[in-house]
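Containing mmCIF, C-alpha atoms: protein-v9.cif.
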```cif
data_work
#
loop_
_atom_site.label_atom_id
_atom_site.label_comp_id
_atom_site.auth_asym_id
_atom_site.auth_seq_id
_atom_site.Cartn_x
_atom_site.Cartn_y
_atom_site.Cartn_z
CA MET A 1 26.64 6.59 15.59
CA ILE A 2 22.89 6.66 16.26
CA SER A 3 21.29 10.10 15.86
CA CYS A 4 18.86 11.45 18.45
CA TRP A 5 15.89 11.20 16.07
CA GLN A 6 16.72 7.52 15.54
CA GLU A 7 17.01 6.85 19.27
CA LYS A 8 14.25 8.93 20.88
CA GLY A 9 12.67 10.83 17.98
CA ILE A 10 10.18 9.83 15.32
CA MET A 11 12.38 6.92 14.21
CA GLY A 12 13.00 5.80 17.79
CA ASP A 13 10.85 5.40 20.87
CA GLY A 14 9.32 8.90 20.67
CA SER A 15 10.50 9.85 24.17
CA CYS A 16 12.07 13.19 23.16
CA PRO A 17 10.27 16.01 25.05
CA GLU A 18 10.66 18.31 22.04
CA LEU A 19 8.11 16.23 20.15
CA GLU A 20 5.34 17.62 22.35
CA THR A 21 5.72 21.06 20.76
CA ARG A 22 7.48 20.30 17.47
CA VAL A 23 5.41 17.19 16.56
CA HIS A 24 8.04 16.01 14.04
CA CYS A 25 11.84 15.94 14.12
CA ARG A 26 12.02 17.92 10.87
CA HIS A 27 10.89 20.98 12.87
CA CYS A 28 13.80 20.62 15.28
CA PRO A 29 17.00 22.72 14.75
CA VAL A 30 19.18 19.70 15.56
CA TYR A 31 17.58 17.70 12.72
CA GLY A 32 17.86 20.69 10.37
CA ALA A 33 21.51 21.28 11.20
CA ALA A 34 22.32 17.64 10.51
CA GLY A 35 20.64 17.91 7.12
CA ARG A 36 22.59 21.04 6.21
CA GLN A 37 25.80 19.34 7.28
CA ARG A 38 25.12 16.49 4.86
CA LEU A 39 24.41 18.92 2.03
CA ASP A 40 27.58 20.89 2.77
CA ARG A 41 29.87 17.85 2.88
CA GLU A 42 32.69 17.54 0.34
CA LEU A 43 32.01 15.71 -2.89
CA PRO A 44 33.41 12.16 -3.09
CA PRO A 45 36.53 11.62 -5.23
CA GLY A 46 35.77 11.36 -8.94
CA TYR A 47 32.18 12.64 -8.59
CA LEU A 48 32.65 15.71 -10.79
CA GLU A 49 34.45 13.74 -13.48
CA GLU A 50 31.70 11.10 -13.50
CA ARG A 51 28.88 13.67 -13.70
CA THR A 52 30.73 15.57 -16.44
CA ALA A 53 30.93 12.40 -18.52
CA VAL A 54 27.23 11.64 -17.97
CA MET A 55 26.14 15.16 -18.89
CA ALA A 56 28.28 15.11 -22.03
CA GLN A 57 26.69 11.80 -23.05
CA GLN A 58 23.19 13.22 -22.56
CA LYS A 59 24.00 16.20 -24.78
CA GLU A 60 25.32 13.91 -27.49
CA MET A 61 22.13 11.86 -27.36
CA ALA A 62 20.04 15.03 -27.57
CA ARG A 63 21.94 16.19 -30.64
CA ALA A 64 21.28 12.83 -32.26
CA GLY A 65 17.55 13.32 -31.67
CA THR A 66 17.09 10.32 -29.38
CA LEU A 67 13.68 10.19 -27.71
CA SER A 68 13.00 8.58 -24.34
CA VAL A 69 9.46 7.20 -24.25
CA MET A 70 7.26 5.26 -21.83
CA VAL A 71 5.51 2.34 -23.52
CA PHE A 72 2.16 1.00 -22.34
CA ARG A 73 -0.70 -1.15 -23.60
CA LEU A 74 -4.34 -0.19 -24.03
CA ALA A 75 -6.64 -3.04 -25.07
CA ASN A 76 -4.69 -4.81 -27.85
CA GLU A 77 -2.71 -1.73 -28.92
CA ARG A 78 0.65 -0.46 -27.69
CA PHE A 79 1.35 3.24 -27.33
CA ALA A 80 4.16 5.44 -26.08
CA LEU A 81 4.45 8.92 -24.64
CA LYS A 82 7.63 10.91 -24.05
CA THR A 83 8.92 10.20 -20.56
CA VAL A 84 9.17 13.92 -19.83
CA PHE A 85 5.36 13.86 -19.47
CA PHE A 86 5.26 10.67 -17.38
CA GLN A 87 5.20 11.15 -13.59
CA GLU A 88 4.38 7.82 -11.98
CA ALA A 89 2.63 4.48 -12.24
CA ALA A 90 0.20 3.81 -9.40
CA GLU A 91 -1.85 0.84 -8.28
CA MET A 92 -5.41 0.65 -9.57
CA SER A 93 -7.70 2.79 -7.39
CA PRO A 94 -11.46 3.38 -7.16
CA VAL A 95 -12.82 6.16 -9.36
CA HIS A 96 -15.15 8.63 -7.65
CA THR A 97 -17.74 9.90 -10.10
CA LEU A 98 -19.03 13.48 -10.18
CA PRO A 99 -22.77 13.96 -10.69
CA LEU A 100 -23.64 15.32 -14.15
CA ARG A 101 -19.96 15.75 -15.06
CA VAL A 102 -18.73 12.33 -16.18
CA ASN A 103 -18.90 11.14 -19.79
CA ARG A 104 -17.50 8.37 -21.97
CA VAL A 105 -13.91 9.60 -21.50
CA PHE A 106 -13.94 11.58 -18.24
CA ARG A 107 -14.61 9.06 -15.48
CA GLY A 108 -14.21 11.13 -12.29
CA LEU A 109 -11.57 11.61 -9.61
CA VAL A 110 -8.91 9.21 -8.31
CA ASN A 111 -6.89 9.51 -5.11
CA ILE A 112 -3.19 9.21 -5.96
CA ASN A 113 -0.93 9.56 -2.92
CA GLY A 114 -3.46 11.79 -1.20
CA GLU A 115 -4.10 14.02 -4.22
CA LEU A 116 -7.34 13.90 -6.21
CA LEU A 117 -6.57 13.74 -9.93
CA LEU A 118 -8.82 13.83 -12.97
CA CYS A 119 -9.27 10.29 -14.28
CA LEU A 120 -9.91 9.67 -17.97
CA SER A 121 -10.24 6.67 -20.23
CA VAL A 122 -7.65 6.96 -22.97
CA THR A 123 -8.97 3.69 -24.38
CA ASP A 124 -12.26 5.47 -25.12
CA LEU A 125 -10.53 8.70 -26.16
CA LEU A 126 -8.73 6.74 -28.90
CA ASP A 127 -11.81 4.60 -29.72
CA LEU A 128 -9.97 1.34 -29.08
CA THR A 129 -11.65 -2.06 -28.90
CA ASN A 130 -10.39 -5.17 -27.14
CA MET A 131 -10.36 -8.02 -29.66
CA GLU A 132 -9.35 -11.66 -29.29
CA THR A 133 -5.74 -12.42 -30.19
CA ASP A 134 -3.59 -15.52 -30.61
CA GLU A 135 -1.06 -14.31 -28.01
CA PRO A 136 -0.46 -16.82 -25.18
CA ALA A 137 -2.02 -16.00 -21.82
CA ARG A 138 0.35 -14.34 -19.34
CA THR A 139 0.22 -12.43 -16.08
CA VAL A 140 -0.22 -8.69 -16.54
CA TYR A 141 -0.64 -5.89 -14.04
CA GLU A 142 -3.06 -3.05 -14.71
CA ARG A 143 -1.83 0.34 -13.55
CA MET A 144 -2.91 3.95 -13.20
CA MET A 145 -0.60 6.13 -15.28
CA VAL A 146 -0.08 9.73 -14.09
CA VAL A 147 0.98 12.25 -16.74
CA CYS A 148 1.50 16.00 -16.68
CA ARG A 149 2.01 18.78 -19.21
CA GLU A 150 2.21 22.49 -18.46
CA GLY A 151 0.97 21.91 -14.92
CA ASN A 152 -2.10 19.92 -15.98
CA ARG A 153 -2.07 16.47 -14.35
CA PHE A 154 -4.19 13.56 -15.50
CA VAL A 155 -4.42 9.89 -14.60
CA PHE A 156 -5.69 7.07 -16.79
CA PRO A 157 -5.77 3.28 -16.45
CA VAL A 158 -3.59 1.15 -18.71
CA ASP A 159 -3.69 -2.60 -19.21
CA GLU A 160 0.07 -2.92 -18.89
CA ILE A 161 3.18 -0.76 -18.61
CA LEU A 162 5.99 -2.05 -20.81
CA GLY A 163 8.75 0.28 -19.62
CA VAL A 164 11.02 3.00 -20.97
CA ARG A 165 12.55 2.76 -24.44
CA ARG A 166 14.81 5.00 -26.50
CA ILE A 167 14.07 5.60 -30.14
CA VAL A 168 15.33 7.89 -32.88
CA PRO A 169 13.01 9.75 -35.28
CA GLU A 170 14.22 7.57 -38.17
CA GLU A 171 12.51 4.60 -36.53
CA LEU A 172 9.07 6.18 -36.85
CA LYS A 173 6.96 4.90 -39.72
CA ASP A 174 3.58 5.95 -41.06
CA VAL A 175 0.53 5.22 -38.95
CA PRO A 176 -1.40 2.23 -40.38
CA ALA A 177 -5.03 2.50 -41.40
CA THR A 178 -5.89 -0.34 -39.02
CA LEU A 179 -5.83 2.06 -36.08
CA SER A 180 -9.05 3.87 -35.21
CA ARG A 181 -9.47 7.35 -36.67
CA SER A 182 -9.02 9.00 -33.25
CA ALA A 183 -5.84 7.02 -32.58
CA ARG A 184 -4.43 7.85 -36.04
CA VAL A 185 -5.02 11.57 -35.51
CA MET A 186 -3.20 11.62 -32.16
CA THR A 187 -0.29 9.38 -33.21
CA ARG A 188 2.94 10.84 -34.63
CA GLY A 189 4.22 7.56 -36.00
CA ILE A 190 4.81 3.86 -35.39
CA PHE A 191 7.96 2.08 -34.22
CA LEU A 192 8.60 -1.59 -33.53
CA LEU A 193 9.23 -3.08 -30.09
CA LYS A 194 10.08 -6.79 -30.12
CA GLY A 195 8.32 -7.05 -33.46
CA GLN A 196 5.15 -5.34 -32.20
CA PRO A 197 4.04 -1.91 -33.47
CA VAL A 198 3.94 0.94 -30.94
CA GLY A 199 2.20 4.23 -31.65
CA LEU A 200 4.00 7.34 -30.41
CA LEU A 201 1.34 9.75 -29.19
CA ASP A 202 1.61 13.38 -30.28
CA GLU A 203 1.56 15.45 -27.07
CA GLU A 204 0.36 18.51 -29.02
CA LEU A 205 -2.86 16.65 -29.80
CA PHE A 206 -3.09 14.11 -26.99
CA PHE A 207 -3.17 16.51 -24.03
CA PRO A 208 -5.65 18.94 -25.63
CA GLY A 209 -7.81 15.89 -26.37
CA LEU A 210 -7.76 14.98 -22.67
CA ALA A 211 -8.69 18.55 -21.72
CA ARG A 212 -11.55 18.72 -24.23
CA SER A 213 -13.08 15.55 -22.82
CA LEU A 214 -13.66 17.34 -19.51
CA THR A 215 -16.17 19.72 -21.09
CA SER A 216 -17.77 17.53 -23.74
#
```

Structure encoded using structure tokens:
Amino acid sequence: MISCWQEKGIMGDGSCPELETRVHCRHCPVYGAAGRQRLDRELPPGYLEERTAVMAQQKEMARAGTLSVMVFRLANERFALKTVFFQEAAEMSPVHTLPLRVNRVFRGLVNINGELLLCLSVTDLLDLTNMETDEPARTVYERMMVVCREGNRFVFPVDEILGVRRIVPEELKDVPATLSRSARVMTRGIFLLKGQPVGLLDEELFFPGLARSLTS
């Protein structure tokens, strides 16, 4: 059955006279009532049992200390941040500079889905350098990574997003001296991903470092 908003509303031909005053179908009581009806519908068979099993599994993983992290690459180094702080990966966008406010780390503002976010260079924050490697050439996709902690949202470009991984604290090893001093200070430990070292960033140091760069 085709709903009125699909036939003559915003998803249809737009002929509904109510659109003249309501502009969008979401302001119409018919649309709202249909939404409430969907929310009030009975749960499908087995839904509660399935969700109970999933929630029990998550609690067991939490007790075991498993960490979910987002892995990304900056220059030739790989880093990770807990996924709880990761919000989205966006396409590369122009950075709008602010007169007398930008510095080596703070680059300006970036429009992400209509919202202007503070854009920083984590590569420069961690004092990373891009050196030649023997790795074979491959196609990579640069992204803007949006992160948030305690209501403070930041965006920074990364050379590549490598996806979500789960690790346990026992996997973390000491940070090698080959990392820059800034990167060593902000890294909790190193774990291996497909034989490559990944530095787990310490959110207690990483986010304050981003905030400090706005006033330096």

Pull the closest atom pair for each residue of range 144-179 of chain A that gets at most 6 Å from range 83-92 of chain A, along with the distance in Å to one decimal, counting only C-alpha atoms, ordering rows by chain and then ascending residue number, as JSON lines.
```
{"residue": "A:Met144", "atom": "CA", "partner": "A:Ala90", "partner_atom": "CA", "distance": 4.9}
{"residue": "A:Met145", "atom": "CA", "partner": "A:Ala89", "partner_atom": "CA", "distance": 4.7}
{"residue": "A:Val146", "atom": "CA", "partner": "A:Glu88", "partner_atom": "CA", "distance": 5.3}
{"residue": "A:Val147", "atom": "CA", "partner": "A:Phe86", "partner_atom": "CA", "distance": 4.6}
{"residue": "A:Cys148", "atom": "CA", "partner": "A:Phe85", "partner_atom": "CA", "distance": 5.2}
{"residue": "A:Arg149", "atom": "CA", "partner": "A:Phe85", "partner_atom": "CA", "distance": 6.0}
```

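From CA of Asp124 in chain A back to CA of Ala211 in chain A, the distance works out to 14.0 Å.
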
Report task. Would you mind reading off the distance between CA of Pro208 in chain A and CA of Leu125 in chain A, one decimal, in Å? Result -> 11.4 Å

Do you know which residues the PyMOL selection byres ((chain A and resi 156) around 7) returns on this file, as an mmCIF file with C-alpha atoms, in the coordinates of the input?
```cif
data_model
loop_
_atom_site.group_PDB
_atom_site.id
_atom_site.type_symbol
_atom_site.label_atom_id
_atom_site.label_comp_id
_atom_site.auth_asym_id
_atom_site.auth_seq_id
_atom_site.Cartn_x
_atom_site.Cartn_y
_atom_site.Cartn_z
ATOM 1 C CA CYS A 119 -9.270 10.290 -14.280
ATOM 2 C CA LEU A 120 -9.910 9.670 -17.970
ATOM 3 C CA SER A 121 -10.240 6.670 -20.230
ATOM 4 C CA VAL A 122 -7.650 6.960 -22.970
ATOM 5 C CA MET A 144 -2.910 3.950 -13.200
ATOM 6 C CA MET A 145 -0.600 6.130 -15.280
ATOM 7 C CA VAL A 146 -0.080 9.730 -14.090
ATOM 8 C CA PHE A 154 -4.190 13.560 -15.500
ATOM 9 C CA VAL A 155 -4.420 9.890 -14.600
ATOM 10 C CA PRO A 157 -5.770 3.280 -16.450
ATOM 11 C CA VAL A 158 -3.590 1.150 -18.710
#
```

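With distances restricted to only C-alpha atoms, A:Arg78 is the closest residue to Ile190 in chain A from A:Ile112, A:Gly163, A:Glu203, A:Arg78.
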
Query raised in the report: Please, what distance in Å, to one decimal, runs between CA of Ser93 in chain A and CA of Ser180 in chain A?
Result: 27.9 Å

May I have a table of the residues of range 88-177 of chain A lying at most 8 Å from range 212-216 of chain A, giving each one's closest pair of atoms and their distance in Å to one decimal, counting only C-alpha atoms, ordered by chain and ascending residue number, as CSV?
```
residue,atom,partner,partner_atom,distance
A:Arg101,CA,A:Leu214,CA,7.9
A:Val102,CA,A:Leu214,CA,7.9
A:Asn103,CA,A:Ser216,CA,7.6
A:Val105,CA,A:Ser213,CA,6.2
A:Phe106,CA,A:Leu214,CA,5.9
```

**Report entry** All residues 6 Å or closer to Leu67 in chain A, only C-alpha atoms, same chain fewer than 6 positions away omitted, as a PyMOL selection string
**Finding:** chain A and resi 166-168

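Residue membership of the PyMOL selection byres ((chain A and resi 182) around 12) in the shown file amounts to A:Val122, A:Thr123, A:Asp124, A:Leu125, A:Leu126, A:Asp127, A:Leu128, A:Val175, A:Ala177, A:Thr178, A:Leu179, A:Ser180, A:Arg181, A:Ala183, A:Arg184, A:Val185, A:Met186, A:Thr187, A:Leu201, A:Asp202, A:Leu205, A:Phe206, A:Gly209.
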
How big is the axis-aligned box around all listed atoms of range 154-171 of chain A once 4 Å goes on each side, and where's its centre, in Å to one decimal, as JSON?
```
{"center_x": 4.8, "center_y": 5.3, "center_z": -26.4, "size_x": 29.1, "size_y": 24.5, "size_z": 31.6}
```

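The shortest atom-to-atom distance to Leu162 in chain A, with all atoms listed in the file taken into account, belongs to A:Met70 out of A:Thr129, A:Leu109, A:Met70, A:Gly14.
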
**Report entry** Given the PyMOL selection byres ((chain A and resi 192) around 10), the residues it picks as a VMD selection string
**Finding:** chain A and resid 78 167 171 to 173 190 to 191 193 to 199

Using C-alpha atoms, can you write the selected residues to a file as an mmCIF file, in the frame of the given file?
```
data_model
loop_
_atom_site.group_PDB
_atom_site.id
_atom_site.type_symbol
_atom_site.label_atom_id
_atom_site.label_comp_id
_atom_site.auth_asym_id
_atom_site.auth_seq_id
_atom_site.Cartn_x
_atom_site.Cartn_y
_atom_site.Cartn_z
ATOM 1 C CA ARG A 78 0.650 -0.460 -27.690
ATOM 2 C CA ILE A 167 14.070 5.600 -30.140
ATOM 3 C CA GLU A 171 12.510 4.600 -36.530
ATOM 4 C CA LEU A 172 9.070 6.180 -36.850
ATOM 5 C CA LYS A 173 6.960 4.900 -39.720
ATOM 6 C CA ILE A 190 4.810 3.860 -35.390
ATOM 7 C CA PHE A 191 7.960 2.080 -34.220
ATOM 8 C CA LEU A 193 9.230 -3.080 -30.090
ATOM 9 C CA LYS A 194 10.080 -6.790 -30.120
ATOM 10 C CA GLY A 195 8.320 -7.050 -33.460
ATOM 11 C CA GLN A 196 5.150 -5.340 -32.200
ATOM 12 C CA PRO A 197 4.040 -1.910 -33.470
ATOM 13 C CA VAL A 198 3.940 0.940 -30.940
ATOM 14 C CA GLY A 199 2.200 4.230 -31.650
#
```
